[in-house]
Amino acid sequence: KRRIHLESASGRRDVILDGQSKNGVLIALENADAVLSGFVVTNAYALYSRWGVFDVTAGTVTNCAAVHVSNTLGCYAGGASARGENAKLLDCYFEDCKSGDSNGGGYHGMGGFLVRDGGLAENCFVTNCSGVSNVGGFQLVSGTVRNTTVVGCSGRGGVYQQAGLIENCRIVGNTGSEANYSAGVLIGGGTIRNCLVADNKSSTIPSGIRATGTA
């Protein structure tokens with residue numbers, strides 16, 4: 001849990017951690033002053049019982065990407081997580097992040113990222129991500145997701161919000177088919193403000209915003 005700052009000198013282009021489609025990758029930040037910037041994880045899977053290839057309980061992951069990654073049974077997210085008041089995902093990109101089935105519980109199986117326990121995701125882009133036992137884009141348990149785009153994701157829908165704030169986001173062109181969800185946004189609680197939710201499609205469930213709790 002040391003204070004550390006790792007930054008790619010050339011930005012998000014040249015520092016690539018390639019799992020070659022057979023290896024797990026875990027980058028865990030656990031110090032509020034820790035910063036990881038300019039790294040790409042690709043062709044890898046999240047390790048068992050972890051919260052994505054970028055697993056942040058404290059610290060900042062910025063200008064990083066997870067591309068073509070997946071999780072295994074018992075993992076909570078394919079791409080990343082911010083789960084703590086000092087945990088931040090900033091300016092990050094998630095593409096083709098996939099989740100397999102989960103082993104139960106409420107936070108399993110989303111494709112892109114998870115925010116809980118007061119975490120923050122801001123200025124992120126999530127595309128072509130999918131979930132089997134949860135949404136393809138992101139799940140917000142508590143905390144804030146701001147200025148983020150979710151497009152072309154699939155599974156149980158685009159976004160699942162249980163509490164917290166979703167603000168100035170674009171949630172467009174996602175699909176879903178699971179009963180009791182929504183192709184766009186499923187809200188069980190919290191606030192969604194100044195967001196574009198459009199062109200989400202499903203033949204069996206609501207395609208825009210579905211509120212099931214106090215929102």
# chains A, B, ... in the order shown; residues from 1 in each chain; ligands from 1

call {"tool": "select_by_dssp", "arguments": {"residues": "region 86-154 of chain A", "states": "strand (DSSP E)", "output": "CSV table (one decimal) with all heavy atoms, in the first residue's frame"}}
result
chain,number,residue,atom,x,y,z
A,87,ALA,N,-11.2,6.3,-4.3
A,87,ALA,CA,-10.9,5.5,-5.6
A,87,ALA,C,-11.5,6.2,-6.8
A,87,ALA,O,-12.7,6.6,-6.8
A,87,ALA,CB,-11.6,4.1,-5.4
A,88,LYS,N,-10.7,6.4,-7.8
A,88,LYS,CA,-11.1,7.1,-9.0
A,88,LYS,C,-10.7,6.4,-10.3
A,88,LYS,O,-9.5,6.0,-10.4
A,88,LYS,CB,-10.5,8.5,-9.0
A,88,LYS,CG,-10.9,9.4,-7.7
A,88,LYS,CD,-10.1,10.7,-7.7
A,88,LYS,CE,-10.4,11.5,-6.4
A,88,LYS,NZ,-9.7,12.7,-6.4
A,89,LEU,N,-11.6,6.4,-11.2
A,89,LEU,CA,-11.3,6.1,-12.6
A,89,LEU,C,-11.6,7.3,-13.5
A,89,LEU,O,-12.7,7.8,-13.6
A,89,LEU,CB,-12.2,4.9,-13.1
A,89,LEU,CG,-12.2,3.6,-12.3
A,89,LEU,CD1,-13.3,2.7,-12.8
A,89,LEU,CD2,-10.9,2.9,-12.4
A,90,LEU,N,-10.5,7.8,-14.1
A,90,LEU,CA,-10.6,9.1,-14.8
A,90,LEU,C,-10.1,8.9,-16.2
A,90,LEU,O,-9.0,8.4,-16.4
A,90,LEU,CB,-9.8,10.2,-14.1
A,90,LEU,CG,-10.0,10.5,-12.6
A,90,LEU,CD1,-9.1,11.6,-12.1
A,90,LEU,CD2,-11.5,10.8,-12.4
A,93,TYR,N,-10.8,4.1,-20.9
A,93,TYR,CA,-11.5,3.5,-22.0
A,93,TYR,C,-11.7,2.0,-21.8
A,93,TYR,O,-10.7,1.3,-21.5
A,93,TYR,CB,-10.6,3.8,-23.3
A,93,TYR,CG,-11.2,3.3,-24.6
A,93,TYR,CD1,-12.2,4.0,-25.3
A,93,TYR,CD2,-10.8,2.1,-25.1
A,93,TYR,CE1,-12.7,3.6,-26.5
A,93,TYR,CE2,-11.3,1.6,-26.3
A,93,TYR,CZ,-12.2,2.4,-27.0
A,93,TYR,OH,-12.7,1.9,-28.2
A,94,PHE,N,-12.9,1.6,-22.1
A,94,PHE,CA,-13.2,0.2,-22.0
A,94,PHE,C,-13.9,-0.3,-23.2
A,94,PHE,O,-14.9,0.2,-23.6
A,94,PHE,CB,-14.1,-0.1,-20.8
A,94,PHE,CG,-13.6,0.5,-19.5
A,94,PHE,CD1,-13.9,1.8,-19.0
A,94,PHE,CD2,-12.8,-0.3,-18.7
A,94,PHE,CE1,-13.4,2.3,-17.9
A,94,PHE,CE2,-12.3,0.2,-17.5
A,94,PHE,CZ,-12.6,1.5,-17.1
A,95,GLU,N,-13.3,-1.3,-23.9
A,95,GLU,CA,-13.8,-1.9,-25.1
A,95,GLU,C,-13.8,-3.4,-25.0
A,95,GLU,O,-12.7,-4.0,-24.7
A,95,GLU,CB,-13.1,-1.4,-26.3
A,95,GLU,CG,-13.6,-1.9,-27.6
A,95,GLU,CD,-12.9,-1.4,-28.9
A,95,GLU,OE1,-11.9,-0.6,-28.7
A,95,GLU,OE2,-13.2,-1.8,-30.0
A,96,ASP,N,-14.8,-4.1,-25.4
A,96,ASP,CA,-14.9,-5.5,-25.5
A,96,ASP,C,-14.5,-6.1,-24.2
A,96,ASP,O,-13.8,-7.1,-24.1
A,96,ASP,CB,-14.0,-6.0,-26.6
A,96,ASP,CG,-14.3,-7.5,-26.9
A,96,ASP,OD1,-15.4,-8.0,-26.7
A,96,ASP,OD2,-13.4,-8.2,-27.4
A,97,CYS,N,-15.0,-5.6,-23.1
A,97,CYS,CA,-14.9,-6.2,-21.8
A,97,CYS,C,-16.1,-7.1,-21.5
A,97,CYS,O,-17.2,-6.6,-21.6
A,97,CYS,CB,-14.8,-5.1,-20.7
A,97,CYS,SG,-13.4,-4.0,-20.9
A,98,LYS,N,-15.8,-8.3,-21.2
A,98,LYS,CA,-16.9,-9.3,-21.0
A,98,LYS,C,-16.9,-10.0,-19.7
A,98,LYS,O,-15.8,-10.2,-19.1
A,98,LYS,CB,-16.7,-10.4,-22.1
A,98,LYS,CG,-16.8,-9.9,-23.5
A,98,LYS,CD,-16.6,-11.0,-24.6
A,98,LYS,CE,-16.7,-10.4,-26.0
A,98,LYS,NZ,-16.5,-11.5,-27.0
A,99,SER,N,-18.1,-10.3,-19.2
A,99,SER,CA,-18.2,-11.0,-17.9
A,99,SER,C,-18.9,-12.3,-18.2
A,99,SER,O,-19.9,-12.4,-18.9
A,99,SER,CB,-19.0,-10.2,-16.9
A,99,SER,OG,-20.3,-10.1,-17.2
A,113,PHE,N,-17.4,-1.5,-15.9
A,113,PHE,CA,-16.8,-1.2,-14.6
A,113,PHE,C,-17.8,-1.1,-13.5
A,113,PHE,O,-19.0,-1.0,-13.8
A,113,PHE,CB,-15.9,0.1,-14.7
A,113,PHE,CG,-16.7,1.4,-15.0
A,113,PHE,CD1,-17.4,2.0,-14.0
A,113,PHE,CD2,-16.7,1.9,-16.2
A,113,PHE,CE1,-18.1,3.2,-14.2
A,113,PHE,CE2,-17.4,3.1,-16.5
A,113,PHE,CZ,-18.1,3.7,-15.5
A,114,LEU,N,-17.4,-1.1,-12.3
A,114,LEU,CA,-18.2,-1.0,-11.1
A,114,LEU,C,-17.8,0.2,-10.2
A,114,LEU,O,-16.6,0.3,-10.0
A,114,LEU,CB,-18.1,-2.3,-10.3
A,114,LEU,CG,-18.7,-2.3,-8.9
A,114,LEU,CD1,-20.2,-2.3,-8.9
A,114,LEU,CD2,-18.2,-3.5,-8.0
A,115,VAL,N,-18.7,1.0,-9.7
A,115,VAL,CA,-18.4,2.0,-8.8
A,115,VAL,C,-19.2,1.8,-7.5
A,115,VAL,O,-20.5,1.6,-7.6
A,115,VAL,CB,-18.7,3.4,-9.3
A,115,VAL,CG1,-18.5,4.5,-8.3
A,115,VAL,CG2,-17.8,3.7,-10.5
A,116,ARG,N,-18.6,1.7,-6.4
A,116,ARG,CA,-19.3,1.5,-5.1
A,116,ARG,C,-18.5,2.2,-4.0
A,116,ARG,O,-17.4,2.7,-4.2
A,116,ARG,CB,-19.5,0.1,-4.8
A,116,ARG,CG,-18.3,-0.8,-4.7
A,116,ARG,CD,-18.5,-2.2,-4.2
A,116,ARG,NE,-19.0,-2.1,-2.8
A,116,ARG,CZ,-19.2,-3.2,-2.1
A,116,ARG,NH1,-19.0,-4.4,-2.6
A,116,ARG,NH2,-19.5,-3.1,-0.8
A,119,GLY,N,-17.0,5.7,-4.6
A,119,GLY,CA,-16.0,5.9,-5.7
A,119,GLY,C,-16.4,6.8,-6.8
A,119,GLY,O,-17.6,7.3,-6.8
A,120,LEU,N,-15.5,7.1,-7.7
A,120,LEU,CA,-15.8,8.1,-8.8
A,120,LEU,C,-15.3,7.5,-10.1
A,120,LEU,O,-14.2,7.1,-10.2
A,120,LEU,CB,-15.1,9.4,-8.5
A,120,LEU,CG,-15.1,10.4,-9.6
A,120,LEU,CD1,-16.5,11.0,-9.9
A,120,LEU,CD2,-14.2,11.6,-9.3
A,121,ALA,N,-16.1,7.6,-11.1
A,121,ALA,CA,-15.7,7.4,-12.5
A,121,ALA,C,-16.1,8.6,-13.3
A,121,ALA,O,-17.2,9.1,-13.3
A,121,ALA,CB,-16.3,6.2,-13.1
A,122,GLU,N,-15.1,9.2,-14.0
A,122,GLU,CA,-15.4,10.5,-14.7
A,122,GLU,C,-14.7,10.5,-16.1
A,122,GLU,O,-13.5,10.0,-16.2
A,122,GLU,CB,-14.9,11.7,-13.9
A,122,GLU,CG,-15.4,13.0,-14.4
A,122,GLU,CD,-15.2,14.1,-13.4
A,122,GLU,OE1,-14.5,13.9,-12.4
A,122,GLU,OE2,-15.8,15.2,-13.6
A,125,PHE,N,-15.2,6.1,-21.3
A,125,PHE,CA,-15.9,5.6,-22.5
A,125,PHE,C,-16.0,4.1,-22.4
A,125,PHE,O,-15.0,3.4,-22.3
A,125,PHE,CB,-15.2,6.1,-23.7
A,125,PHE,CG,-16.0,6.0,-25.0
A,125,PHE,CD1,-16.7,7.1,-25.5
A,125,PHE,CD2,-16.0,4.8,-25.7
A,125,PHE,CE1,-17.4,7.0,-26.6
A,125,PHE,CE2,-16.7,4.7,-26.9
A,125,PHE,CZ,-17.4,5.8,-27.3
A,126,VAL,N,-17.2,3.6,-22.5
A,126,VAL,CA,-17.4,2.2,-22.5
A,126,VAL,C,-18.2,1.7,-23.8
A,126,VAL,O,-19.3,2.2,-24.1
A,126,VAL,CB,-18.3,1.8,-21.3
A,126,VAL,CG1,-18.4,0.3,-21.1
A,126,VAL,CG2,-17.7,2.4,-20.0
A,127,THR,N,-17.6,0.8,-24.5
A,127,THR,CA,-18.2,0.4,-25.8
A,127,THR,C,-18.0,-1.1,-26.0
A,127,THR,O,-17.0,-1.7,-25.6
A,127,THR,CB,-17.6,1.2,-27.0
A,127,THR,OG1,-18.3,0.8,-28.1
A,127,THR,CG2,-16.1,0.9,-27.1
A,130,SER,N,-20.0,-6.5,-22.5
A,130,SER,CA,-21.2,-7.3,-22.3
A,130,SER,C,-21.2,-8.0,-21.0
A,130,SER,O,-20.1,-8.3,-20.4
A,130,SER,CB,-21.3,-8.4,-23.4
A,130,SER,OG,-20.2,-9.2,-23.5
A,131,GLY,N,-22.3,-8.3,-20.5
A,131,GLY,CA,-22.4,-9.1,-19.2
A,131,GLY,C,-23.5,-10.2,-19.3
A,131,GLY,O,-24.5,-10.0,-20.0
A,138,PHE,N,-21.9,-0.3,-17.0
A,138,PHE,CA,-21.4,-0.1,-15.6
A,138,PHE,C,-22.5,-0.3,-14.6
A,138,PHE,O,-23.7,-0.1,-14.9
A,138,PHE,CB,-20.7,1.2,-15.4
A,138,PHE,CG,-21.5,2.4,-15.5
A,138,PHE,CD1,-22.3,2.9,-14.3
A,138,PHE,CD2,-21.6,3.2,-16.6
A,138,PHE,CE1,-23.0,4.0,-14.4
A,138,PHE,CE2,-22.4,4.4,-16.6
A,138,PHE,CZ,-23.1,4.8,-15.5
A,139,GLN,N,-22.1,-0.6,-13.4
A,139,GLN,CA,-23.0,-0.6,-12.3
A,139,GLN,C,-22.6,0.4,-11.2
A,139,GLN,O,-21.4,0.4,-10.8
A,139,GLN,CB,-23.1,-2.0,-11.6
A,139,GLN,CG,-24.0,-2.1,-10.4
A,139,GLN,CD,-24.1,-3.5,-9.8
A,139,GLN,OE1,-23.5,-4.5,-10.4
A,139,GLN,NE2,-24.9,-3.7,-8.8
A,140,LEU,N,-23.5,1.2,-10.8
A,140,LEU,CA,-23.2,2.2,-9.7
A,140,LEU,C,-24.0,1.8,-8.5
A,140,LEU,O,-25.2,1.8,-8.4
A,140,LEU,CB,-23.7,3.6,-10.2
A,140,LEU,CG,-23.6,4.7,-9.1
A,140,LEU,CD1,-22.1,4.9,-8.7
A,140,LEU,CD2,-24.1,6.0,-9.7
A,143,GLY,N,-21.8,6.3,-5.0
A,143,GLY,CA,-20.7,7.2,-5.5
A,143,GLY,C,-21.2,8.0,-6.7
A,143,GLY,O,-22.4,8.3,-6.8
A,144,THR,N,-20.3,8.3,-7.7
A,144,THR,CA,-20.6,9.1,-8.8
A,144,THR,C,-20.0,8.6,-10.1
A,144,THR,O,-18.9,8.2,-10.1
A,144,THR,CB,-20.1,10.6,-8.5
A,144,THR,OG1,-20.6,11.1,-7.3
A,144,THR,CG2,-20.4,11.5,-9.6
A,145,VAL,N,-20.8,8.7,-11.1
A,145,VAL,CA,-20.3,8.5,-12.5
A,145,VAL,C,-20.7,9.7,-13.3
A,145,VAL,O,-21.9,10.1,-13.3
A,145,VAL,CB,-20.9,7.2,-13.2
A,145,VAL,CG1,-20.4,7.1,-14.6
A,145,VAL,CG2,-20.6,6.0,-12.4
A,146,ARG,N,-19.7,10.4,-13.9
A,146,ARG,CA,-20.0,11.7,-14.5
A,146,ARG,C,-19.3,11.8,-15.9
A,146,ARG,O,-18.2,11.2,-16.1
A,146,ARG,CB,-19.4,12.8,-13.6
A,146,ARG,CG,-19.7,14.2,-14.1
A,146,ARG,CD,-19.1,15.2,-13.1
A,146,ARG,NE,-19.9,15.3,-11.8
A,146,ARG,CZ,-19.3,15.0,-10.6
A,146,ARG,NH1,-18.0,14.7,-10.5
A,146,ARG,NH2,-20.1,15.1,-9.6
A,149,THR,N,-19.6,7.9,-21.4
A,149,THR,CA,-20.4,7.4,-22.5
A,149,THR,C,-20.5,5.9,-22.4
A,149,THR,O,-19.4,5.2,-22.2
A,149,THR,CB,-19.9,7.8,-23.8
A,149,THR,OG1,-20.0,9.3,-23.9
A,149,THR,CG2,-20.6,7.2,-25.0
A,150,VAL,N,-21.7,5.3,-22.5
A,150,VAL,CA,-21.9,3.9,-22.7
A,150,VAL,C,-22.6,3.6,-24.0
A,150,VAL,O,-23.8,4.1,-24.1
A,150,VAL,CB,-22.7,3.3,-21.5
A,150,VAL,CG1,-22.9,1.8,-21.7
A,150,VAL,CG2,-21.9,3.5,-20.2
A,151,VAL,N,-22.0,2.9,-24.9
A,151,VAL,CA,-22.6,2.8,-26.2
A,151,VAL,C,-22.3,1.4,-26.7
A,151,VAL,O,-21.2,0.8,-26.6
A,151,VAL,CB,-22.0,3.8,-27.2
A,151,VAL,CG1,-20.5,3.8,-27.3
A,151,VAL,CG2,-22.7,3.7,-28.6

call {"tool": "residues_around", "arguments": {"residues": "Ala58 (chain A)", "least_positions_apart": "2", "cutoff": "10 Å", "atoms": "only C-alpha atoms", "output": "ChimeraX atom specification"}}
result
/A:1,28-35,55-56,60-61,82-88,119

call {"tool": "residues_around", "arguments": {"residues": "Ala46 (chain A)", "least_positions_apart": "2", "cutoff": "7 Å", "atoms": "only C-alpha atoms", "output": "list of chain:residue names"}}
result
A:Gly24, A:Val25, A:Leu26, A:Ala44, A:Tyr48, A:Arg50, A:Gly52, A:Val53, A:Ser70, A:Asn71, A:Thr72, A:Gly78

call {"tool": "closest_atom_pairs", "arguments": {"of": "region 63-160 of chain A", "to": "region 177-180 of chain A", "cutoff": "9 Å", "atoms": "only C-alpha atoms", "output": "JSON lines"}}
result
{"residue": "A:Ser154", "atom": "CA", "partner": "A:Ser177", "partner_atom": "CA", "distance": 8.7}
{"residue": "A:Gly155", "atom": "CA", "partner": "A:Ser177", "partner_atom": "CA", "distance": 7.1}
{"residue": "A:Arg156", "atom": "CA", "partner": "A:Glu178", "partner_atom": "CA", "distance": 5.0}
{"residue": "A:Gly157", "atom": "CA", "partner": "A:Ser177", "partner_atom": "CA", "distance": 7.2}

call {"tool": "write_last_selection", "arguments": {"atoms": "all heavy atoms", "output": "PDB file, in the first residue's frame"}}
result
ATOM      1  N   SER A 154     -24.170  -4.764 -24.199  1.00  0.00           N
ATOM      2  CA  SER A 154     -25.251  -5.748 -24.209  1.00  0.00           C
ATOM      3  C   SER A 154     -25.195  -6.605 -22.955  1.00  0.00           C
ATOM      4  O   SER A 154     -24.283  -6.511 -22.151  1.00  0.00           O
ATOM      5  CB  SER A 154     -25.143  -6.632 -25.460  1.00  0.00           C
ATOM      6  OG  SER A 154     -23.909  -7.349 -25.457  1.00  0.00           O
ATOM      7  N   GLY A 155     -26.176  -7.459 -22.822  1.00  0.00           N
ATOM      8  CA  GLY A 155     -26.329  -8.299 -21.642  1.00  0.00           C
ATOM      9  C   GLY A 155     -27.673  -8.017 -21.024  1.00  0.00           C
ATOM     10  O   GLY A 155     -28.708  -8.053 -21.704  1.00  0.00           O
ATOM     11  N   ARG A 156     -27.707  -7.682 -19.741  1.00  0.00           N
ATOM     12  CA  ARG A 156     -28.971  -7.317 -19.108  1.00  0.00           C
ATOM     13  C   ARG A 156     -29.335  -5.851 -19.313  1.00  0.00           C
ATOM     14  O   ARG A 156     -30.321  -5.374 -18.782  1.00  0.00           O
ATOM     15  CB  ARG A 156     -28.911  -7.652 -17.610  1.00  0.00           C
ATOM     16  CG  ARG A 156     -28.828  -9.147 -17.354  1.00  0.00           C
ATOM     17  CD  ARG A 156     -29.009  -9.486 -15.893  1.00  0.00           C
ATOM     18  NE  ARG A 156     -29.028 -10.925 -15.699  1.00  0.00           N
ATOM     19  CZ  ARG A 156     -29.223 -11.525 -14.523  1.00  0.00           C
ATOM     20  NH1 ARG A 156     -29.390 -10.803 -13.427  1.00  0.00           N
ATOM     21  NH2 ARG A 156     -29.238 -12.834 -14.434  1.00  0.00           N
ATOM     22  N   GLY A 157     -28.534  -5.153 -20.078  1.00  0.00           N
ATOM     23  CA  GLY A 157     -28.794  -3.754 -20.385  1.00  0.00           C
ATOM     24  C   GLY A 157     -27.511  -2.946 -20.347  1.00  0.00           C
ATOM     25  O   GLY A 157     -26.404  -3.492 -20.292  1.00  0.00           O
TER      26      GLY A 157
END

call {"tool": "atom_distance", "arguments": {"atom1": "CA of Gly184 (chain A)", "atom2": "CA of Gly112 (chain A)"}}
result
14.6 Å

call {"tool": "closest_residue", "arguments": {"among": "A:Val185, A:Ala80, A:Ile27, A:Ile171", "to": "Thr212 (chain A)", "atoms": "only C-alpha atoms"}}
result
A:Val185

call {"tool": "residues_around", "arguments": {"residues": "region 196-205 of chain A", "least_positions_apart": "4", "cutoff": "7 Å", "atoms": "only C-alpha atoms", "output": "JSON, numbers by chain"}}
result
{"A": [169, 170, 171, 172, 173, 174, 175, 176, 177, 179, 181, 182, 183, 184]}

call {"tool": "write_last_selection", "arguments": {"atoms": "N, CA, C and O atoms", "output": "mmCIF file, in the first residue's frame"}}
result
data_model
loop_
_atom_site.group_PDB
_atom_site.id
_atom_site.type_symbol
_atom_site.label_atom_id
_atom_site.label_comp_id
_atom_site.auth_asym_id
_atom_site.auth_seq_id
_atom_site.Cartn_x
_atom_site.Cartn_y
_atom_site.Cartn_z
ATOM 1 N N CYS A 169 -24.090 12.095 -18.589
ATOM 2 C CA CYS A 169 -23.636 10.882 -19.277
ATOM 3 C C CYS A 169 -24.460 10.636 -20.539
ATOM 4 O O CYS A 169 -25.594 11.115 -20.670
ATOM 5 N N ARG A 170 -23.884 9.891 -21.479
ATOM 6 C CA ARG A 170 -24.567 9.452 -22.697
ATOM 7 C C ARG A 170 -24.679 7.932 -22.644
ATOM 8 O O ARG A 170 -23.667 7.232 -22.584
ATOM 9 N N ILE A 171 -25.911 7.444 -22.688
ATOM 10 C CA ILE A 171 -26.164 6.002 -22.647
ATOM 11 C C ILE A 171 -27.006 5.689 -23.866
ATOM 12 O O ILE A 171 -28.237 5.875 -23.871
ATOM 13 N N VAL A 172 -26.348 5.259 -24.932
ATOM 14 C CA VAL A 172 -27.015 5.176 -26.234
ATOM 15 C C VAL A 172 -26.641 3.871 -26.945
ATOM 16 O O VAL A 172 -25.541 3.343 -26.797
ATOM 17 N N GLY A 173 -27.604 3.361 -27.696
ATOM 18 C CA GLY A 173 -27.331 2.236 -28.578
ATOM 19 C C GLY A 173 -27.010 0.933 -27.886
ATOM 20 O O GLY A 173 -26.310 0.095 -28.447
ATOM 21 N N ASN A 174 -27.532 0.734 -26.683
ATOM 22 C CA ASN A 174 -27.293 -0.514 -25.961
ATOM 23 C C ASN A 174 -28.484 -1.449 -26.124
ATOM 24 O O ASN A 174 -29.589 -1.031 -26.479
ATOM 25 N N THR A 175 -28.283 -2.727 -25.835
ATOM 26 C CA THR A 175 -29.350 -3.709 -25.954
ATOM 27 C C THR A 175 -29.444 -4.544 -24.682
ATOM 28 O O THR A 175 -28.477 -4.682 -23.936
ATOM 29 N N GLY A 176 -30.628 -5.092 -24.446
ATOM 30 C CA GLY A 176 -30.839 -5.949 -23.287
ATOM 31 C C GLY A 176 -32.074 -6.801 -23.471
ATOM 32 O O GLY A 176 -32.957 -6.466 -24.257
ATOM 33 N N SER A 177 -32.136 -7.909 -22.733
ATOM 34 C CA SER A 177 -33.279 -8.808 -22.882
ATOM 35 C C SER A 177 -33.708 -9.451 -21.575
ATOM 36 O O SER A 177 -34.650 -10.235 -21.556
ATOM 37 N N ALA A 179 -35.457 -9.963 -18.066
ATOM 38 C CA ALA A 179 -36.630 -9.459 -17.354
ATOM 39 C C ALA A 179 -36.200 -8.652 -16.134
ATOM 40 O O ALA A 179 -35.198 -8.954 -15.486
ATOM 41 N N TYR A 181 -34.965 -5.732 -16.029
ATOM 42 C CA TYR A 181 -33.898 -4.779 -16.303
ATOM 43 C C TYR A 181 -34.372 -3.772 -17.350
ATOM 44 O O TYR A 181 -35.554 -3.657 -17.631
ATOM 45 N N SER A 182 -33.463 -3.022 -17.927
ATOM 46 C CA SER A 182 -33.765 -2.101 -19.012
ATOM 47 C C SER A 182 -32.581 -2.072 -19.964
ATOM 48 O O SER A 182 -31.422 -2.147 -19.531
ATOM 49 N N ALA A 183 -32.873 -1.946 -21.244
ATOM 50 C CA ALA A 183 -31.788 -1.851 -22.219
ATOM 51 C C ALA A 183 -30.966 -0.587 -22.015
ATOM 52 O O ALA A 183 -29.786 -0.537 -22.340
ATOM 53 N N GLY A 184 -31.595 0.462 -21.450
ATOM 54 C CA GLY A 184 -30.883 1.708 -21.179
ATOM 55 C C GLY A 184 -30.344 1.762 -19.773
ATOM 56 O O GLY A 184 -29.198 1.401 -19.506
#

call {"tool": "residues_around", "arguments": {"residues": "Val41 (chain A)", "least_positions_apart": "6", "cutoff": "8 Å", "atoms": "only C-alpha atoms", "output": "PyMOL selection string"}}
result
chain A and resi 16-19+25+53+65-67+69

call {"tool": "residues_around", "arguments": {"residues": "Ser142 (chain A)", "least_positions_apart": "5", "cutoff": "7 Å", "atoms": "only C-alpha atoms", "output": "mmCIF file with all heavy atoms, in the first residue's frame"}}
result
data_model
loop_
_atom_site.group_PDB
_atom_site.id
_atom_site.type_symbol
_atom_site.label_atom_id
_atom_site.label_comp_id
_atom_site.auth_asym_id
_atom_site.auth_seq_id
_atom_site.Cartn_x
_atom_site.Cartn_y
_atom_site.Cartn_z
ATOM 1 N N VAL A 115 -18.704 0.957 -9.730
ATOM 2 C CA VAL A 115 -18.399 2.021 -8.763
ATOM 3 C C VAL A 115 -19.242 1.771 -7.520
ATOM 4 O O VAL A 115 -20.467 1.627 -7.615
ATOM 5 C CB VAL A 115 -18.694 3.418 -9.338
ATOM 6 C CG1 VAL A 115 -18.498 4.482 -8.261
ATOM 7 C CG2 VAL A 115 -17.794 3.703 -10.527
ATOM 8 N N ARG A 116 -18.592 1.746 -6.361
ATOM 9 C CA ARG A 116 -19.311 1.546 -5.103
ATOM 10 C C ARG A 116 -18.536 2.197 -3.960
ATOM 11 O O ARG A 116 -17.414 2.668 -4.152
ATOM 12 C CB ARG A 116 -19.525 0.052 -4.816
ATOM 13 C CG ARG A 116 -18.255 -0.762 -4.741
ATOM 14 C CD ARG A 116 -18.517 -2.163 -4.218
ATOM 15 N NE ARG A 116 -18.977 -2.137 -2.819
ATOM 16 C CZ ARG A 116 -19.158 -3.238 -2.085
ATOM 17 N NH1 ARG A 116 -18.973 -4.431 -2.618
ATOM 18 N NH2 ARG A 116 -19.543 -3.136 -0.833
ATOM 19 N N ASP A 117 -19.145 2.249 -2.793
ATOM 20 C CA ASP A 117 -18.506 2.767 -1.578
ATOM 21 C C ASP A 117 -17.968 4.184 -1.752
ATOM 22 O O ASP A 117 -16.921 4.545 -1.209
ATOM 23 C CB ASP A 117 -17.376 1.829 -1.137
ATOM 24 C CG ASP A 117 -17.876 0.430 -0.829
ATOM 25 O OD1 ASP A 117 -19.048 0.299 -0.404
ATOM 26 O OD2 ASP A 117 -17.116 -0.534 -1.031
ATOM 27 N N GLY A 118 -18.682 5.010 -2.532
ATOM 28 C CA GLY A 118 -18.285 6.403 -2.692
ATOM 29 C C GLY A 118 -17.246 6.666 -3.755
ATOM 30 O O GLY A 118 -16.679 7.765 -3.812
ATOM 31 N N GLN A 162 -27.964 1.640 -8.361
ATOM 32 C CA GLN A 162 -28.640 1.319 -7.106
ATOM 33 C C GLN A 162 -28.731 2.528 -6.176
ATOM 34 O O GLN A 162 -29.643 2.617 -5.353
ATOM 35 C CB GLN A 162 -27.901 0.182 -6.396
ATOM 36 C CG GLN A 162 -28.007 -1.143 -7.151
ATOM 37 C CD GLN A 162 -27.163 -2.223 -6.525
ATOM 38 O OE1 GLN A 162 -25.984 -2.342 -6.813
ATOM 39 N NE2 GLN A 162 -27.770 -3.015 -5.648
ATOM 40 N N ALA A 163 -27.772 3.433 -6.270
ATOM 41 C CA ALA A 163 -27.741 4.661 -5.476
ATOM 42 C C ALA A 163 -26.715 5.583 -6.123
ATOM 43 O O ALA A 163 -26.182 5.292 -7.187
ATOM 44 C CB ALA A 163 -27.389 4.374 -4.014
ATOM 45 N N GLY A 164 -26.434 6.713 -5.488
ATOM 46 C CA GLY A 164 -25.414 7.609 -6.002
ATOM 47 C C GLY A 164 -25.932 8.519 -7.098
ATOM 48 O O GLY A 164 -27.135 8.688 -7.305
#

call {"tool": "atom_distance", "arguments": {"atom1": "CA of Tyr160 (chain A)", "atom2": "CA of Ala77 (chain A)"}}
result
13.0 Å

call {"tool": "closest_residue", "arguments": {"among": "A:Phe54, A:Ala211, A:Pro206, A:Tyr45", "to": "Thr191 (chain A)", "atoms": "only C-alpha atoms"}}
result
A:Ala211

call {"tool": "residues_around", "arguments": {"residues": "region 10-14 of chain A", "least_positions_apart": "5", "cutoff": "7 Å", "atoms": "only C-alpha atoms", "output": "list in words"}}
result
Gly38, Phe39, Val40, Asn63 and Cys64 of chain A

call {"tool": "closest_residue", "arguments": {"among": "A:Gly208, A:Gly79, A:Gly190, A:Gly59", "to": "Gln161 (chain A)", "atoms": "only C-alpha atoms"}}
result
A:Gly190
